Structure formats: C-alpha cells, structure tokens
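Visitor: Dropping a structure here in structure tokens format, bear with me for questions.
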Amino acid sequence: MLAAQAYIESSFAPLALGSHGDLGLMQIRPSTWREWAPAVTASDPYDSYSNVMVAAVYFDYLRTTLSKQGHPEREWMLCAYNWGPDKVLQHLANGGRWEDLAAARRQYAEEVLRLAETIPADGTF
C-alpha cells in the first residue's frame with residue numbers, strides 16, 4: 001500500500017514538493033513531518049527511506065486512532081492521511097458515511113488500494 005501511495009502522491013519522486021508544502025516521496029505535510037520524524041529519528045524529508053518511515057509511523061497512528069473509533073478499514077486511514085485525521089473523525093462523529101464523502105476523497109483512497117492490489121506480494125516486478 002505504501003508503494004502504491006508513493007506512486008499516487010509523487011510518482012516516486014523523492015524530491016517532490018507539493019503545492020501546499022508537502023514534502024518528498026509520500027508528500028508529508030511539514031507539520032506532520034515535525035511531529036512524527038523524531039519517532040523514527042528521521043532528519044531529511046527528501047531521503048526516500050526516511051520519508052516512507054515517517055509515513056509508516058503516521059499510518060500506524062491513523063490506523064490505531066480510527067480503529068478505536070470503530071473504523072479499522074484502510075479506506076478511512078487513507079482518507080485521514082489525505083484529508084486530515086481531525087476532519088475524518090469529525091465526519092464520522094457527525095454520522096457521516098463513506099458514501100457521504102466528496103468523490104475526490106473516496107477516489108484517492110480507492111485508487112491507492114486499487115493500485116496496491118496490482119503490486120506482487122513478494123515485491124518482484
């Protein structure tokens with residue numbers, strides 16, 4: 001899933017800089033980088049390994065947070081990564097369903113998951 005997301009986020013470009021300041025391969029927001037990079041002792045957001053490690057630890061946080069709210073599905077985790085966990089949690093707290101999300105929010109998660117299914121499990125291409 002991380003590989004599929006890196007492709008969607010930056011087309012595997014480790015030096016990518018998004019229009020909102022998103023950094024590197026996984027297009028991590030600067031505030032997210034500052035919060036989670038220390039957890040994996042990462043110092044360079046443009047180092048591919050470090051960027052993916054920060055994304056992975058952040059995903060673990062999102063998975064845990066959403067699971068505690070009764071939403072362990074990967075779609076919600078991806079939506080939270082893309083839209084922000086506070087917005088997703090507010091949407092859910094207000095009784096929002098997956099179908100109630102804007103099409104672009106759903107499409108992002110669905111595209112990452114669709115692409116992830118095409119990647120061989122053993123990592124060979």
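Every chain in the structure tokens takes a letter, A first, then B, and so on in the order presented; its residues are numbered from 1, and the ligands are numbered from 1 following the presented order.
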Write out as a PyMOL selection string all residues of range 63-116 of chain A that DSSP puts in helix (DSSP H, G or I) for this structure's backbone.
Guide: chain A and resi 63-68+74-83+85-93+98-100+103-116
Visitor: Counting only C-alpha atoms, what is within 8 Å of range 107-118 of chain A, bar same-chain residues fewer than 4 positions away, as a ChimeraX atom specification?
Guide: /A:1,3-5,8,75-76,78-79,82,103
Visitor: Using N, CA, C and O atoms, can you export the residues from the last selection as a compact mmCIF listing (two decimals), in the first residue's frame?
Guide:
```txt
# COMPACT_ATOMS: atom_id res chain seq x y z
N MET A 1 0.81 -1.18 0.00
CA MET A 1 0.00 0.00 0.00
C MET A 1 0.87 1.26 0.00
O MET A 1 0.54 2.22 -0.67
N ALA A 3 3.82 1.63 -1.31
CA ALA A 3 4.37 1.82 -2.65
C ALA A 3 3.33 2.43 -3.58
O ALA A 3 3.63 3.35 -4.36
N ALA A 4 2.10 1.95 -3.50
CA ALA A 4 1.03 2.50 -4.33
C ALA A 4 0.79 3.96 -3.98
O ALA A 4 0.60 4.81 -4.86
N GLN A 5 0.83 4.26 -2.71
CA GLN A 5 0.61 5.63 -2.31
C GLN A 5 1.74 6.55 -2.75
O GLN A 5 1.50 7.68 -3.17
N ILE A 8 1.04 7.43 -6.27
CA ILE A 8 -0.06 8.39 -6.39
C ILE A 8 0.38 9.77 -5.91
O ILE A 8 0.07 10.78 -6.53
N GLU A 75 -9.51 2.25 3.90
CA GLU A 75 -10.05 3.41 3.19
C GLU A 75 -10.09 4.65 4.08
O GLU A 75 -9.71 5.74 3.66
N TRP A 76 -10.53 4.45 5.33
CA TRP A 76 -10.59 5.59 6.25
C TRP A 76 -9.19 6.08 6.61
O TRP A 76 -8.96 7.28 6.75
N LEU A 78 -6.50 5.96 4.71
CA LEU A 78 -6.00 6.71 3.57
C LEU A 78 -6.69 8.06 3.45
O LEU A 78 -6.04 9.07 3.15
N CYS A 79 -7.97 8.09 3.72
CA CYS A 79 -8.70 9.35 3.68
C CYS A 79 -8.14 10.31 4.74
O CYS A 79 -7.95 11.49 4.48
N ASN A 82 -4.89 11.80 3.65
CA ASN A 82 -5.07 12.78 2.57
C ASN A 82 -5.83 14.03 3.02
O ASN A 82 -5.49 15.14 2.63
N ALA A 103 -16.46 13.01 -3.67
CA ALA A 103 -15.94 11.99 -4.59
C ALA A 103 -14.42 11.96 -4.62
O ALA A 103 -13.81 10.89 -4.65
```
Visitor: Neighbours of Val54 in chain A within 9 Å (only C-alpha atoms; same-chain residues fewer than 4 positions away dropped), as a PDB file with N, CA and C atoms, in the first residue's frame?
Guide:
```pdb
ATOM      1  N   MET A  26       6.338  10.671  -0.150  1.00  0.00           N
ATOM      2  CA  MET A  26       4.990  10.425   0.381  1.00  0.00           C
ATOM      3  C   MET A  26       4.192  11.721   0.579  1.00  0.00           C
ATOM      4  N   ILE A  28       4.474  14.393   2.600  1.00  0.00           N
ATOM      5  CA  ILE A  28       4.151  14.606   4.011  1.00  0.00           C
ATOM      6  C   ILE A  28       4.106  16.098   4.308  1.00  0.00           C
ATOM      7  N   THR A  32       3.274  17.484   9.947  1.00  0.00           N
ATOM      8  CA  THR A  32       3.275  16.043  10.200  1.00  0.00           C
ATOM      9  C   THR A  32       4.713  15.547  10.296  1.00  0.00           C
ATOM     10  N   TRP A  33       5.583  16.054   9.427  1.00  0.00           N
ATOM     11  CA  TRP A  33       6.994  15.672   9.478  1.00  0.00           C
ATOM     12  C   TRP A  33       7.594  16.042  10.828  1.00  0.00           C
ATOM     13  N   TRP A  36       6.231  13.612  13.582  1.00  0.00           N
ATOM     14  CA  TRP A  36       6.492  12.172  13.522  1.00  0.00           C
ATOM     15  C   TRP A  36       7.918  11.788  13.164  1.00  0.00           C
ATOM     16  N   ALA A  37       8.696  12.661  12.575  1.00  0.00           N
ATOM     17  CA  ALA A  37      10.083  12.317  12.224  1.00  0.00           C
ATOM     18  C   ALA A  37      10.908  11.913  13.440  1.00  0.00           C
ATOM     19  N   PRO A  38      10.757  12.567  14.590  1.00  0.00           N
ATOM     20  CA  PRO A  38      11.535  12.133  15.755  1.00  0.00           C
ATOM     21  C   PRO A  38      11.243  10.689  16.180  1.00  0.00           C
ATOM     22  N   ALA A  39      10.040  10.208  15.906  1.00  0.00           N
ATOM     23  CA  ALA A  39       9.676   8.838  16.303  1.00  0.00           C
ATOM     24  C   ALA A  39      10.514   7.788  15.587  1.00  0.00           C
ATOM     25  N   VAL A  40      11.037   8.136  14.414  1.00  0.00           N
ATOM     26  CA  VAL A  40      11.870   7.196  13.642  1.00  0.00           C
ATOM     27  C   VAL A  40      13.260   7.776  13.390  1.00  0.00           C
ATOM     28  N   ALA A  42      14.259  10.422  11.931  1.00  0.00           N
ATOM     29  CA  ALA A  42      14.461  10.881  10.550  1.00  0.00           C
ATOM     30  C   ALA A  42      14.799  12.370  10.568  1.00  0.00           C
ATOM     31  N   PRO A  45      13.515  15.011   4.993  1.00  0.00           N
ATOM     32  CA  PRO A  45      12.258  14.608   4.358  1.00  0.00           C
ATOM     33  C   PRO A  45      12.417  14.203   2.893  1.00  0.00           C
ATOM     34  N   TYR A  49      13.940   6.713   2.193  1.00  0.00           N
ATOM     35  CA  TYR A  49      13.753   5.795   3.314  1.00  0.00           C
ATOM     36  C   TYR A  49      13.133   6.527   4.503  1.00  0.00           C
ATOM     37  N   SER A  50      13.679   7.669   4.850  1.00  0.00           N
ATOM     38  CA  SER A  50      13.164   8.443   5.977  1.00  0.00           C
ATOM     39  C   SER A  50      11.730   8.891   5.735  1.00  0.00           C
ATOM     40  N   TYR A  58       3.155   7.313  10.878  1.00  0.00           N
ATOM     41  CA  TYR A  58       1.940   8.131  10.881  1.00  0.00           C
ATOM     42  C   TYR A  58       0.717   7.273  10.524  1.00  0.00           C
ATOM     43  N   PHE A  59       0.879   6.383   9.554  1.00  0.00           N
ATOM     44  CA  PHE A  59      -0.200   5.460   9.208  1.00  0.00           C
ATOM     45  C   PHE A  59      -0.574   4.583  10.401  1.00  0.00           C
TER      46      PHE A  59
END
```
Visitor: Report as JSON, numbers by chain all protein, DNA and RNA residues lying within 12 Å of Arg29 in chain A, evaluated on only C-alpha atoms, omitting residues in the same chain fewer than 4 positions from it.
Guide: {"A": [9, 16, 17, 18, 19, 20, 21, 22, 23, 24, 25, 33, 34, 35, 36, 37, 45, 51, 54, 55, 58, 81, 82, 83, 84]}
Visitor: Name the closest residue to Gln69 in chain A among the candidates A:Leu92, A:Ala104, A:Ala56, A:Ala6; distances are taken between atoms, counting only C-alpha atoms.
Guide: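 Of A:Leu92, A:Ala104, A:Ala56, A:Ala6, the one nearest Gln69 in chain A is A:Leu92, counting only C-alpha atoms.
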Visitor: For Gln90 in chain A, which of A:Ser43, A:Asp122, A:Leu66, A:Met53 is the closest residue, counting only C-alpha atoms?
Guide: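 Going through A:Ser43, A:Asp122, A:Leu66, A:Met53 one by one, the smallest distance to Gln90 in chain A is for A:Leu66.
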Visitor: Could you state the separation of CA of Ser48 in chain A and CA of Phe12 in chain A in Å, given to one decimal place?
Guide: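 So the answer is 8.9 Å.
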